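K.L.:
My file is structure36.cif. It has mmCIF, C-alpha atoms:
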data_work
#
loop_
_atom_site.label_atom_id
_atom_site.label_comp_id
_atom_site.auth_asym_id
_atom_site.auth_seq_id
_atom_site.Cartn_x
_atom_site.Cartn_y
_atom_site.Cartn_z
CA MET A 1 -36.40 -36.52 -60.95
CA ARG A 2 -37.61 -38.81 -58.16
CA ASN A 3 -34.32 -40.70 -58.23
CA PHE A 4 -32.42 -37.42 -57.94
CA ILE A 5 -34.45 -36.41 -54.88
CA LYS A 6 -33.84 -39.83 -53.28
CA ILE A 7 -30.10 -39.55 -53.88
CA LEU A 8 -30.04 -36.00 -52.44
CA PHE A 9 -31.96 -37.10 -49.35
CA LEU A 10 -29.66 -40.09 -48.88
CA GLY A 11 -26.58 -37.81 -49.07
CA LEU A 12 -27.98 -35.46 -46.46
CA PHE A 13 -28.80 -38.41 -44.17
CA VAL A 14 -25.28 -39.82 -44.39
CA SER A 15 -23.78 -36.36 -43.72
CA VAL A 16 -25.89 -35.93 -40.61
CA LEU A 17 -25.02 -39.45 -39.49
CA PHE A 18 -21.29 -38.82 -39.75
CA SER A 19 -21.65 -35.48 -37.96
CA CYS A 20 -23.41 -37.16 -35.08
CA ASP A 21 -20.74 -39.85 -34.94
CA ASN A 22 -18.01 -37.20 -34.81
CA GLU A 23 -19.78 -35.31 -32.00
CA ASP A 24 -19.98 -38.49 -29.96
CA GLU A 25 -16.21 -39.07 -30.11
CA LYS A 26 -14.56 -38.24 -26.75
CA ILE A 27 -10.92 -38.12 -25.71
CA ILE A 28 -10.15 -39.53 -22.27
CA LEU A 29 -7.44 -37.49 -20.50
CA ASN A 30 -5.31 -39.59 -18.18
CA ASN A 31 -3.25 -37.98 -15.42
CA THR A 32 -0.43 -40.49 -15.67
CA ALA A 33 1.71 -38.93 -12.90
CA PRO A 34 0.67 -36.32 -10.33
CA GLY A 35 2.53 -33.06 -9.82
CA SER A 36 4.55 -32.42 -6.68
CA LEU A 37 5.72 -29.41 -4.68
CA ALA A 38 8.51 -29.16 -2.11
CA VAL A 39 9.81 -26.25 -0.02
CA ASN A 40 13.20 -25.63 1.58
CA LYS A 41 11.95 -24.71 5.08
CA THR A 42 9.34 -25.81 7.56
CA ALA A 43 9.28 -22.47 9.40
CA VAL A 44 10.28 -18.88 8.61
CA ASN A 45 10.15 -15.56 10.44
CA LEU A 46 9.71 -12.78 7.91
CA ASP A 47 12.00 -9.76 8.27
CA GLU A 48 11.39 -6.36 6.74
CA LEU A 49 15.08 -5.48 6.92
CA ILE A 50 15.72 -8.11 4.24
CA ALA A 51 12.38 -7.64 2.52
CA ASP A 52 13.67 -8.30 -1.01
CA GLN A 53 15.61 -11.43 -0.14
CA SER A 54 14.23 -14.92 -0.62
CA ALA A 55 12.17 -16.24 2.31
CA LEU A 56 11.11 -19.58 0.83
CA THR A 57 12.30 -21.50 -2.23
CA PHE A 58 10.04 -24.07 -3.85
CA THR A 59 10.77 -26.86 -6.29
CA TYR A 60 8.07 -28.59 -8.27
CA VAL A 61 7.50 -31.35 -10.79
CA ASN A 62 4.84 -30.99 -13.47
CA PRO A 63 2.15 -33.65 -13.72
CA THR A 64 2.11 -35.73 -16.90
CA PHE A 65 -0.87 -36.50 -19.09
CA SER A 66 -1.85 -38.88 -21.85
CA PRO A 67 -2.33 -37.59 -24.44
CA ASN A 68 -0.03 -34.60 -23.99
CA ILE A 69 -1.88 -31.33 -23.47
CA VAL A 70 -1.13 -27.65 -23.00
CA PHE A 71 -1.56 -26.63 -19.35
CA THR A 72 -0.77 -23.80 -16.94
CA ASN A 73 0.69 -23.84 -13.43
CA GLU A 74 0.13 -21.74 -10.35
CA VAL A 75 0.83 -22.24 -6.68
CA GLU A 76 -2.11 -21.80 -4.34
CA ILE A 77 -1.48 -20.43 -0.85
CA ALA A 78 -3.91 -20.54 2.07
CA VAL A 79 -4.11 -20.74 5.84
CA ALA A 80 -3.89 -24.38 6.93
CA GLY A 81 -7.25 -25.99 7.57
CA THR A 82 -9.27 -23.71 5.26
CA ASN A 83 -9.32 -26.11 2.29
CA PHE A 84 -7.70 -23.33 0.26
CA SER A 85 -10.67 -21.01 0.56
CA PRO A 86 -9.80 -18.18 0.47
CA SER A 87 -6.46 -18.50 -1.26
CA LYS A 88 -3.84 -16.46 -3.08
CA LYS A 89 -2.21 -17.62 -6.28
CA VAL A 90 1.25 -17.21 -7.78
CA ILE A 91 1.71 -18.09 -11.46
CA VAL A 92 4.73 -20.34 -12.11
CA SER A 93 6.18 -21.51 -15.38
CA LYS A 94 5.72 -25.11 -16.54
CA GLU A 95 9.11 -24.80 -18.25
CA SER A 96 10.87 -24.20 -14.94
CA ASN A 97 11.04 -26.29 -11.78
CA SER A 98 11.63 -23.77 -8.98
CA PHE A 99 10.65 -20.31 -7.72
CA SER A 100 11.08 -18.18 -4.61
CA LEU A 101 8.96 -15.83 -2.55
CA THR A 102 10.66 -12.87 -0.89
CA HIS A 103 9.96 -11.70 2.63
CA VAL A 104 7.85 -8.78 1.42
CA GLN A 105 5.93 -10.90 -1.11
CA LEU A 106 5.06 -13.48 1.50
CA ASN A 107 4.19 -10.84 4.07
CA THR A 108 1.82 -9.20 1.59
CA ILE A 109 0.18 -12.56 0.92
CA LEU A 110 -0.33 -13.07 4.67
CA ALA A 111 -1.98 -9.66 4.92
CA ASP A 112 -4.26 -10.45 1.98
CA LEU A 113 -5.27 -13.68 3.77
CA MET A 114 -6.05 -11.64 6.92
CA VAL A 115 -3.30 -13.29 8.94
CA ALA A 116 -2.34 -11.19 11.96
CA PRO A 117 1.33 -10.08 12.01
CA ASN A 118 3.90 -11.11 14.62
CA VAL A 119 2.21 -14.46 15.28
CA ALA A 120 3.31 -17.74 13.68
CA LYS A 121 0.65 -19.30 11.46
CA ASN A 122 0.66 -22.57 9.51
CA VAL A 123 0.31 -21.83 5.82
CA GLU A 124 -0.25 -24.43 3.09
CA PHE A 125 1.03 -24.41 -0.49
CA ARG A 126 0.05 -26.65 -3.41
CA LEU A 127 0.70 -26.80 -7.13
CA LYS A 128 -2.42 -26.30 -9.23
CA THR A 129 -2.22 -27.41 -12.87
CA SER A 130 -5.09 -26.31 -15.09
CA ALA A 131 -5.97 -28.10 -18.33
CA ASN A 132 -8.72 -25.57 -19.02
CA SER A 133 -10.99 -23.19 -17.10
CA VAL A 134 -12.82 -26.02 -15.31
CA THR A 135 -10.37 -28.91 -15.11
CA ALA A 136 -7.52 -28.71 -12.59
CA PHE A 137 -5.12 -31.15 -10.95
CA TYR A 138 -3.49 -30.58 -7.56
CA SER A 139 -0.30 -31.74 -5.91
CA PRO A 140 -0.26 -32.76 -2.26
CA SER A 141 0.07 -29.65 -0.10
CA VAL A 142 3.09 -28.68 1.97
CA ALA A 143 2.87 -26.65 5.18
CA VAL A 144 5.18 -23.96 6.56
CA SER A 145 4.93 -22.06 9.83
CA VAL A 146 5.18 -18.38 8.85
CA LYS A 147 5.42 -15.35 11.14
CA GLY A 148 4.75 -12.06 9.39
CA TYR A 149 5.59 -8.51 10.44
CA THR A 150 3.79 -5.19 10.66
CA PRO A 151 5.01 -3.29 7.61
CA ASN A 152 6.85 -0.03 8.17
CA PRO A 153 4.84 2.57 6.21
CA ASP A 154 8.07 4.40 5.38
CA LEU A 155 9.16 1.34 3.39
CA VAL A 156 5.79 0.27 1.98
CA TYR A 157 4.69 3.48 0.26
CA PRO A 158 6.47 5.18 -2.64
CA LYS A 159 8.02 8.53 -1.86
CA ILE A 160 9.86 11.50 -3.27
CA ASN A 161 12.37 13.59 -1.34
CA VAL A 162 12.36 17.30 -0.56
CA PRO A 163 15.98 18.44 -0.13
CA GLY A 164 16.60 22.11 0.63
CA ASN A 165 18.29 24.63 2.87
CA TYR A 166 15.40 24.37 5.33
CA ALA A 167 16.17 20.74 6.20
CA GLY A 168 18.97 21.16 8.75
CA ALA A 169 16.81 23.24 11.08
CA ALA A 170 14.03 20.66 10.71
CA GLY A 171 16.22 17.84 12.03
CA TYR A 172 17.59 16.59 8.72
CA GLN A 173 20.56 17.73 6.62
CA ASP A 174 20.55 20.60 4.16
CA TRP A 175 20.38 19.65 0.48
CA THR A 176 20.78 15.92 1.17
CA PRO A 177 18.17 13.68 -0.55
CA THR A 178 19.11 10.73 1.65
CA ASN A 179 18.43 12.71 4.84
CA THR A 180 15.47 14.99 4.32
CA ALA A 181 11.69 15.18 4.58
CA ASN A 182 9.72 13.05 2.12
CA LEU A 183 6.35 13.19 0.41
CA PHE A 184 4.57 9.82 0.22
CA SER A 185 2.03 8.36 -2.20
CA PRO A 186 -0.69 6.65 -0.12
CA GLU A 187 -2.50 5.50 -3.27
CA LYS A 188 0.79 4.43 -4.94
CA ASP A 189 -0.20 6.38 -8.05
CA SER A 190 2.78 8.77 -8.49
CA LYS A 191 0.83 11.48 -6.68
CA TYR A 192 2.68 12.51 -3.54
CA ARG A 193 1.73 14.66 -0.56
CA GLY A 194 2.94 15.61 2.89
CA PHE A 195 4.41 18.25 5.17
CA ILE A 196 7.71 20.02 5.62
CA TYR A 197 8.62 22.42 8.41
CA VAL A 198 10.41 25.63 7.43
CA SER A 199 11.96 27.75 10.19
CA ALA A 200 13.17 30.67 8.06
CA ALA A 201 11.44 32.76 5.43
CA ASN A 202 12.62 32.48 1.81
CA SER A 203 13.97 28.97 2.30
CA GLU A 204 14.49 26.97 -0.90
CA TYR A 205 13.92 23.34 -1.87
CA LYS A 206 13.28 21.01 -4.80
CA PHE A 207 12.09 17.45 -5.41
CA THR A 208 14.17 14.32 -5.97
CA ILE A 209 13.29 10.66 -6.38
CA ASN A 210 15.14 7.56 -5.21
CA GLN A 211 17.13 9.76 -2.79
CA ASP A 212 19.33 10.99 -5.63
CA TYR A 213 19.63 14.17 -7.66
CA THR A 214 19.37 12.23 -10.92
CA GLY A 215 16.03 13.23 -12.42
CA ASP A 216 15.39 15.96 -9.82
CA LYS A 217 12.66 18.52 -10.53
CA GLY A 218 12.09 22.16 -9.68
CA ASP A 219 9.86 25.05 -10.69
CA ASP A 220 9.80 26.08 -14.35
CA GLY A 221 10.53 29.67 -13.31
CA THR A 222 6.95 30.92 -13.42
CA PHE A 223 6.09 29.75 -9.89
CA THR A 224 2.65 28.72 -11.10
CA GLY A 225 2.81 25.11 -9.96
CA LYS A 226 4.69 23.65 -12.93
CA LEU A 227 7.69 21.33 -12.59
CA VAL A 228 10.53 20.73 -15.02
CA GLU A 229 13.58 18.51 -14.93
CA THR A 230 15.84 20.67 -17.09
CA GLY A 231 16.47 24.36 -16.47
CA GLU A 232 14.55 24.25 -13.20
CA VAL A 233 14.79 26.74 -10.35
CA ASN A 234 14.36 26.04 -6.65
CA LEU A 235 10.95 26.39 -5.05
CA LYS A 236 10.67 28.97 -2.28
CA ALA A 237 8.87 29.11 1.04
CA ALA A 238 8.06 32.77 1.46
CA THR A 239 7.35 32.60 5.20
CA ALA A 240 8.28 30.31 8.06
CA GLY A 241 5.84 27.59 9.06
CA THR A 242 4.52 24.17 8.13
CA TYR A 243 3.86 23.61 4.43
CA TYR A 244 1.49 21.06 2.96
CA ILE A 245 2.82 20.05 -0.46
CA LYS A 246 1.21 18.00 -3.22
CA VAL A 247 3.14 16.77 -6.26
CA ASP A 248 1.89 14.95 -9.34
CA TRP A 249 5.19 13.50 -10.52
CA LEU A 250 3.95 12.35 -13.93
CA ALA A 251 1.93 15.47 -14.70
CA ASN A 252 4.78 17.72 -13.46
CA THR A 253 2.58 19.85 -11.23
CA TYR A 254 2.70 20.85 -7.58
CA SER A 255 0.89 22.97 -5.00
CA THR A 256 1.81 24.30 -1.58
CA ALA A 257 -0.22 25.67 1.31
CA ILE A 258 0.87 26.80 4.74
CA MET A 259 -0.83 24.84 7.51
CA ASN A 260 0.03 25.52 11.14
CA PHE A 261 -1.97 23.26 13.43
CA GLY A 262 -3.43 23.75 16.88
CA VAL A 263 -5.86 21.92 19.18
CA ILE A 264 -9.34 23.25 19.93
CA GLY A 265 -12.51 21.99 21.60
CA ASP A 266 -14.56 22.05 24.79
CA ALA A 267 -12.13 19.56 26.36
CA THR A 268 -9.40 22.25 26.30
CA PRO A 269 -8.96 25.17 28.72
CA THR A 270 -10.12 27.79 26.18
CA GLY A 271 -12.90 25.73 24.64
CA TYR A 272 -13.81 26.84 21.16
CA ALA A 273 -12.65 30.41 21.76
CA SER A 274 -9.03 29.83 20.66
CA ASP A 275 -6.47 27.24 19.59
CA THR A 276 -3.44 26.00 21.46
CA ASP A 277 -0.71 25.77 18.81
CA PHE A 278 1.78 22.97 18.25
CA VAL A 279 5.53 23.59 18.28
CA TYR A 280 7.80 21.66 15.91
CA ASN A 281 10.48 19.54 17.59
CA PRO A 282 13.42 18.96 15.19
CA THR A 283 14.83 16.18 17.37
CA THR A 284 11.75 13.98 17.08
CA LYS A 285 10.54 15.58 13.84
CA THR A 286 7.07 15.84 15.39
CA TYR A 287 4.68 18.60 16.46
CA VAL A 288 4.26 18.85 20.20
CA ILE A 289 2.16 20.51 22.88
CA ASN A 290 4.18 19.68 25.97
CA SER A 291 1.37 20.15 28.48
CA ILE A 292 -2.32 20.97 28.22
CA ALA A 293 -5.22 20.28 30.55
CA LEU A 294 -7.91 18.09 28.99
CA ASN A 295 -11.22 17.23 30.62
CA SER A 296 -12.98 13.91 30.09
CA THR A 297 -16.43 15.34 29.32
CA GLY A 298 -15.63 17.39 26.23
CA VAL A 299 -14.03 16.69 22.87
CA PHE A 300 -11.17 18.13 20.84
CA LYS A 301 -9.75 18.09 17.35
CA PHE A 302 -6.98 19.79 15.45
CA ARG A 303 -7.28 22.45 12.79
CA ALA A 304 -4.97 24.44 10.54
CA ASN A 305 -4.46 28.20 10.64
CA ASP A 306 -7.17 28.82 13.29
CA ASP A 307 -9.77 27.88 10.70
CA TRP A 308 -12.12 24.96 10.08
CA ALA A 309 -11.18 24.36 6.43
CA VAL A 310 -8.59 21.68 7.25
CA LYS A 311 -8.85 19.44 10.30
CA ILE A 312 -7.03 16.43 11.72
CA GLN A 313 -9.60 13.90 12.94
CA PRO A 314 -10.57 10.25 13.36
CA ALA A 315 -11.79 8.52 10.21
CA SER A 316 -15.52 8.51 11.00
CA THR A 317 -16.58 8.41 14.68
CA ASP A 318 -15.44 10.01 17.92
CA GLN A 319 -12.42 8.24 19.36
CA THR A 320 -11.35 7.92 22.99
CA LEU A 321 -7.57 7.98 23.24
CA VAL A 322 -5.48 5.80 25.54
CA THR A 323 -2.47 7.42 27.16
CA GLY A 324 0.80 6.57 25.47
CA THR A 325 -0.83 4.70 22.58
CA GLY A 326 -0.39 6.11 19.10
CA VAL A 327 -3.32 6.08 16.69
CA LYS A 328 -3.60 6.77 12.99
CA VAL A 329 -5.23 10.09 12.19
CA PHE A 330 -6.72 11.59 9.04
CA ILE A 331 -6.85 14.99 7.39
CA SER A 332 -10.20 16.27 6.21
CA ASN A 333 -9.00 17.80 2.93
CA GLU A 334 -7.63 14.43 1.74
CA GLY A 335 -11.07 12.82 1.51
CA THR A 336 -10.35 10.29 4.25
CA VAL A 337 -12.75 11.63 6.90
CA THR A 338 -16.49 10.93 7.07
CA GLY A 339 -18.60 13.35 9.09
CA ASP A 340 -17.01 15.60 11.69
CA PRO A 341 -15.62 13.30 14.44
CA SER A 342 -13.52 14.38 17.41
CA TYR A 343 -11.18 12.97 20.08
CA LYS A 344 -11.72 12.37 23.79
CA VAL A 345 -9.70 11.27 26.79
CA GLY A 346 -11.14 8.89 29.38
CA VAL A 347 -9.41 10.51 32.34
CA ALA A 348 -9.09 14.25 32.95
CA GLY A 349 -5.62 15.67 33.55
CA ASN A 350 -2.59 17.30 31.98
CA TYR A 351 -1.46 15.71 28.72
CA LYS A 352 1.37 15.90 26.25
CA ILE A 353 0.06 15.83 22.67
CA GLU A 354 2.31 14.77 19.80
CA LEU A 355 1.51 14.76 16.08
CA ASP A 356 3.72 12.83 13.68
CA LEU A 357 3.03 14.11 10.15
CA HIS A 358 6.17 12.85 8.42
CA ASN A 359 4.34 10.16 6.39
CA SER A 360 1.07 11.05 4.67
CA ALA A 361 0.15 7.35 4.49
CA ASN A 362 0.36 7.05 8.28
CA TYR A 363 -0.25 10.28 10.19
CA LYS A 364 -0.07 9.50 13.92
CA LEU A 365 -1.32 11.07 17.14
CA THR A 366 -0.17 10.22 20.67
CA VAL A 367 -1.50 11.70 23.91
CA THR A 368 0.38 10.94 27.12
CA LYS A 369 -0.97 11.72 30.57
CA LEU A 370 1.58 13.61 32.66
#
Write the structure described by the file as structure tokens, please.

P.N.:
Amino acid sequence: MRNFIKILFLGLFVSVLFSCDNEDEKIILNNTAPGSLAVNKTAVNLDELIADQSALTFTYVNPTFSPNIVFTNEVEIAVAGTNFSPSKKVIVSKESNSFSLTHVQLNTILADLMVAPNVAKNVEFRLKTSANSVTAFYSPSVAVSVKGYTPNPDLVYPKINVPGNYAGAAGYQDWTPTNTANLFSPEKDSKYRGFIYVSAANSEYKFTINQDYTGDKGDDGTFTGKLVETGEVNLKAATAGTYYIKVDWLANTYSTAIMNFGVIGDATPTGYASDTDFVYNPTTKTYVINSIALNSTGVFKFRANDDWAVKIQPASTDQTLVTGTGVKVFISNEGTVTGDPSYKVGVAGNYKIELDLHNSANYKLTVTKL
């Protein structure tokens, strides 16, 4: 029995010894040749008119290792002199040896890196090869002078079109998806909203996407806010005026509300007693008050239908407007306004006020001293 116990103990000891020896074995990874990255330009001015075309083309060579390992590649991008912190990353295939960035892709990267548009900035690129989550190898960086652009909100945000027989009088073309008012999706979530101006009662319209009647949608015939693609009927605007429309394209629902805006406040001639209404200009497709006296001691804001339920305001604090300079404005019922802020002018006088509501991702206000 004692001999059996000794033999068992000896077997356990040898097993532990071999386990320890195995744990102590290490593989040395040698980076036998570094990776490299090259680019076809040293400077580029990004252009929104060719947003989907290639701006820069890169070629790269994978690093080599001994022994061979599985690895992943990405290209890191950062403002020169920041040591790649912060940086943006683009995944690239180890099976390929080239890739391109379009004008819009590169412009978006610049914005994410907080690079101001319309000013050339040196940007660095390098190939990062990762052997695992903690071990990475880098190529020498290459630098390119890049000038970005201020994106046109009409091109950045998804939209649907609202063709109808109202459109011609609103400055567009009747029943033409390529030349009509649009509803935009500020959150890029297939939920669209915006305004159309209707000059005649009982005008009709429907919704299209991609500026084409393929896949167009209309009411299901019950006029209860339901959309269908087949067997649809046109939506109707019962009265003339400005309509605020919301469409959930995927859920096939919509809503409409008439909203005619005016300016009110103690900076205006009538104070808070009454509104001065906007008039739609089909040439500029904007809402205009051609002349109104504004004092520099009071404030003003814009509201719909002579009521306080829906207001056009700054985002959070009172804002003093500069003559001739457009500013982005916000609508209280869209959840983009904090508090109850108003507008001011720094110099009293007669002003032209213009509201541009054609893009719900970028409502704009301009006051111009006359």

K.L.:
How many Å separate atom CA of Leu106 of chain A from atom CA of Phe330 of chain A?

P.N.:
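Computing it gives 28.7 Å between the two atoms.
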
K.L.:
Applied to this file, what does the PyMOL selection byres ((chain A and resi 215) around 12) return in terms of residues, put as an MDAnalysis selection string?

P.N.:
chainID A and resid 160:161 206:214 216:218 227:232 249

K.L.:
Write out the residues from the selection above, keeping C-alpha atoms, as a short mmCIF file (atom, residue, chain, number, x, y, z; two decimals), in the coordinates of the input.

P.N.:
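Resulting contents of again.cif:
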data_model
loop_
_atom_site.label_atom_id
_atom_site.label_comp_id
_atom_site.auth_asym_id
_atom_site.auth_seq_id
_atom_site.Cartn_x
_atom_site.Cartn_y
_atom_site.Cartn_z
CA ILE A 160 9.86 11.50 -3.27
CA ASN A 161 12.37 13.59 -1.34
CA LYS A 206 13.28 21.01 -4.80
CA PHE A 207 12.09 17.45 -5.41
CA THR A 208 14.17 14.32 -5.97
CA ILE A 209 13.29 10.66 -6.38
CA ASN A 210 15.14 7.56 -5.21
CA GLN A 211 17.13 9.76 -2.79
CA ASP A 212 19.33 10.99 -5.63
CA TYR A 213 19.63 14.17 -7.66
CA THR A 214 19.37 12.23 -10.92
CA ASP A 216 15.39 15.96 -9.82
CA LYS A 217 12.66 18.52 -10.53
CA GLY A 218 12.09 22.16 -9.68
CA LEU A 227 7.69 21.33 -12.59
CA VAL A 228 10.53 20.73 -15.02
CA GLU A 229 13.58 18.51 -14.93
CA THR A 230 15.84 20.67 -17.09
CA GLY A 231 16.47 24.36 -16.47
CA GLU A 232 14.55 24.25 -13.20
CA TRP A 249 5.19 13.50 -10.52
#

K.L.:
Could you check the closest approach to Val123 of chain A for each of A:Thr82, A:Asn152, A:Gln105, A:Thr224 and tell me which residue wins, using all atoms listed in the file?

P.N.:
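Looking only at the distances to Val123 of chain A, the closest residue turns out to be A:Thr82.
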
K.L.:
When you draw a straight line from atom CA of Asn295 of chain A to atom CA of Val347 of chain A, how long is it in Å?

P.N.:
7.2 Å

K.L.:
Pick out the closest residue to Asn73 of chain A from this set: A:Tyr287, A:Tyr60, A:Tyr272, A:Tyr197. Count all atoms listed in the file.

P.N.:
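Of A:Tyr287, A:Tyr60, A:Tyr272, A:Tyr197, the one nearest Asn73 of chain A is A:Tyr60, counting all atoms listed in the file.
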
K.L.:
Rounded to one decimal place, report the atom CA of Ile50 of chain A-atom CA of Thr150 of chain A distance in Å.

P.N.:
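Atom-to-atom, atom CA of Ile50 of chain A and atom CA of Thr150 of chain A are spaced 13.9 Å apart.
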
K.L.:
What residues come out when you apply the PyMOL selection byres ((chain A and resi 252-266) around 8) to this file, written as number ranges by chain?

P.N.:
A: 225-228, 241-251, 267-272, 274-278, 298-306

K.L.:
So which one's closest to Asn97 of chain A, A:Thr297, A:Asn122, A:Thr129, A:Ser36? Using all atoms listed in the file, please.

P.N.:
A:Ser36

K.L.:
When the PyMOL selection byres ((chain A and resi 280) around 12) is applied to the structure above, which residues does it catch, written out as an MDAnalysis selection string?

P.N.:
chainID A and resid 169:171 195:199 240:242 260:262 277:279 281:290 353:358

K.L.:
Hey, can you spit out that residue selection with C-alpha atoms as an mmCIF file, keeping the file's coordinate frame?

P.N.:
data_model
loop_
_atom_site.group_PDB
_atom_site.id
_atom_site.type_symbol
_atom_site.label_atom_id
_atom_site.label_comp_id
_atom_site.auth_asym_id
_atom_site.auth_seq_id
_atom_site.Cartn_x
_atom_site.Cartn_y
_atom_site.Cartn_z
ATOM 1 C CA ALA A 169 16.810 23.240 11.080
ATOM 2 C CA ALA A 170 14.030 20.660 10.710
ATOM 3 C CA GLY A 171 16.220 17.840 12.030
ATOM 4 C CA PHE A 195 4.410 18.250 5.170
ATOM 5 C CA ILE A 196 7.710 20.020 5.620
ATOM 6 C CA TYR A 197 8.620 22.420 8.410
ATOM 7 C CA VAL A 198 10.410 25.630 7.430
ATOM 8 C CA SER A 199 11.960 27.750 10.190
ATOM 9 C CA ALA A 240 8.280 30.310 8.060
ATOM 10 C CA GLY A 241 5.840 27.590 9.060
ATOM 11 C CA THR A 242 4.520 24.170 8.130
ATOM 12 C CA ASN A 260 0.030 25.520 11.140
ATOM 13 C CA PHE A 261 -1.970 23.260 13.430
ATOM 14 C CA GLY A 262 -3.430 23.750 16.880
ATOM 15 C CA ASP A 277 -0.710 25.770 18.810
ATOM 16 C CA PHE A 278 1.780 22.970 18.250
ATOM 17 C CA VAL A 279 5.530 23.590 18.280
ATOM 18 C CA ASN A 281 10.480 19.540 17.590
ATOM 19 C CA PRO A 282 13.420 18.960 15.190
ATOM 20 C CA THR A 283 14.830 16.180 17.370
ATOM 21 C CA THR A 284 11.750 13.980 17.080
ATOM 22 C CA LYS A 285 10.540 15.580 13.840
ATOM 23 C CA THR A 286 7.070 15.840 15.390
ATOM 24 C CA TYR A 287 4.680 18.600 16.460
ATOM 25 C CA VAL A 288 4.260 18.850 20.200
ATOM 26 C CA ILE A 289 2.160 20.510 22.880
ATOM 27 C CA ASN A 290 4.180 19.680 25.970
ATOM 28 C CA ILE A 353 0.060 15.830 22.670
ATOM 29 C CA GLU A 354 2.310 14.770 19.800
ATOM 30 C CA LEU A 355 1.510 14.760 16.080
ATOM 31 C CA ASP A 356 3.720 12.830 13.680
ATOM 32 C CA LEU A 357 3.030 14.110 10.150
ATOM 33 C CA HIS A 358 6.170 12.850 8.420
#

K.L.:
List as a VMD selection string the residues having at least one atom at most 9 Å from position (3.6, -34.4, -16.4) as given in the file, counting all atoms listed in the file.

P.N.:
chain A and resid 31 to 35 61 to 66 68

K.L.:
Please produce a file of the residues just selected, as a compact mmCIF listing (two decimals), in the frame of the given file, where the atoms kept are C-alpha atoms.

P.N.:
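Final file, again_28.txt:
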# COMPACT_ATOMS: atom_id res chain seq x y z
CA ASN A 31 -3.25 -37.98 -15.42
CA THR A 32 -0.43 -40.49 -15.67
CA ALA A 33 1.71 -38.93 -12.90
CA PRO A 34 0.67 -36.32 -10.33
CA GLY A 35 2.53 -33.06 -9.82
CA VAL A 61 7.50 -31.35 -10.79
CA ASN A 62 4.84 -30.99 -13.47
CA PRO A 63 2.15 -33.65 -13.72
CA THR A 64 2.11 -35.73 -16.90
CA PHE A 65 -0.87 -36.50 -19.09
CA SER A 66 -1.85 -38.88 -21.85
CA ASN A 68 -0.03 -34.60 -23.99

K.L.:
Which residues, written as a PyMOL selection string, have at least one atom at most 8 Å from Val144 of chain A, with only C-alpha atoms counted and residues fewer than 3 positions away on the same chain left out?

P.N.:
chain A and resi 41-44+122-124

K.L.:
Show me the residues around (-10.1, 14.8, 6.3) - criterion: an atom at most 10 Å away, only C-alpha atoms counted - as a list of chain:residue names.

P.N.:
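Neighbouring residues, ordered by chain and number, come to A:Ala309, A:Val310, A:Lys311, A:Ile312, A:Gln313, A:Pro314, A:Ala315, A:Ser316, A:Val329, A:Phe330, A:Ile331, A:Ser332, A:Asn333, A:Glu334, A:Gly335, A:Thr336, A:Val337, A:Thr338, A:Gly339, A:Asp340, A:Pro341.
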
K.L.:
Extract, using only C-alpha atoms, all DNA, RNA and protein residues at most 12 Å from Leu46 of chain A, discarding same-chain residues fewer than 4 positions from it, and format them as a PyMOL selection string.

P.N.:
chain A and resi 50-56+101-110+117-121+145-151

K.L.:
Just to be explicit: take each residue in the selection above, keep C-alpha atoms, and write the result as a PDB file, keeping the file's coordinate frame.

P.N.:
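out-v4.pdb written:
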ATOM      1  CA  ILE A  50      15.720  -8.110   4.240  1.00  0.00           C
ATOM      2  CA  ALA A  51      12.380  -7.640   2.520  1.00  0.00           C
ATOM      3  CA  ASP A  52      13.670  -8.300  -1.010  1.00  0.00           C
ATOM      4  CA  GLN A  53      15.610 -11.430  -0.140  1.00  0.00           C
ATOM      5  CA  SER A  54      14.230 -14.920  -0.620  1.00  0.00           C
ATOM      6  CA  ALA A  55      12.170 -16.240   2.310  1.00  0.00           C
ATOM      7  CA  LEU A  56      11.110 -19.580   0.830  1.00  0.00           C
ATOM      8  CA  LEU A 101       8.960 -15.830  -2.550  1.00  0.00           C
ATOM      9  CA  THR A 102      10.660 -12.870  -0.890  1.00  0.00           C
ATOM     10  CA  HIS A 103       9.960 -11.700   2.630  1.00  0.00           C
ATOM     11  CA  VAL A 104       7.850  -8.780   1.420  1.00  0.00           C
ATOM     12  CA  GLN A 105       5.930 -10.900  -1.110  1.00  0.00           C
ATOM     13  CA  LEU A 106       5.060 -13.480   1.500  1.00  0.00           C
ATOM     14  CA  ASN A 107       4.190 -10.840   4.070  1.00  0.00           C
ATOM     15  CA  THR A 108       1.820  -9.200   1.590  1.00  0.00           C
ATOM     16  CA  ILE A 109       0.180 -12.560   0.920  1.00  0.00           C
ATOM     17  CA  LEU A 110      -0.330 -13.070   4.670  1.00  0.00           C
ATOM     18  CA  PRO A 117       1.330 -10.080  12.010  1.00  0.00           C
ATOM     19  CA  ASN A 118       3.900 -11.110  14.620  1.00  0.00           C
ATOM     20  CA  VAL A 119       2.210 -14.460  15.280  1.00  0.00           C
ATOM     21  CA  ALA A 120       3.310 -17.740  13.680  1.00  0.00           C
ATOM     22  CA  LYS A 121       0.650 -19.300  11.460  1.00  0.00           C
ATOM     23  CA  SER A 145       4.930 -22.060   9.830  1.00  0.00           C
ATOM     24  CA  VAL A 146       5.180 -18.380   8.850  1.00  0.00           C
ATOM     25  CA  LYS A 147       5.420 -15.350  11.140  1.00  0.00           C
ATOM     26  CA  GLY A 148       4.750 -12.060   9.390  1.00  0.00           C
ATOM     27  CA  TYR A 149       5.590  -8.510  10.440  1.00  0.00           C
ATOM     28  CA  THR A 150       3.790  -5.190  10.660  1.00  0.00           C
ATOM     29  CA  PRO A 151       5.010  -3.290   7.610  1.00  0.00           C
TER      30      PRO A 151
END
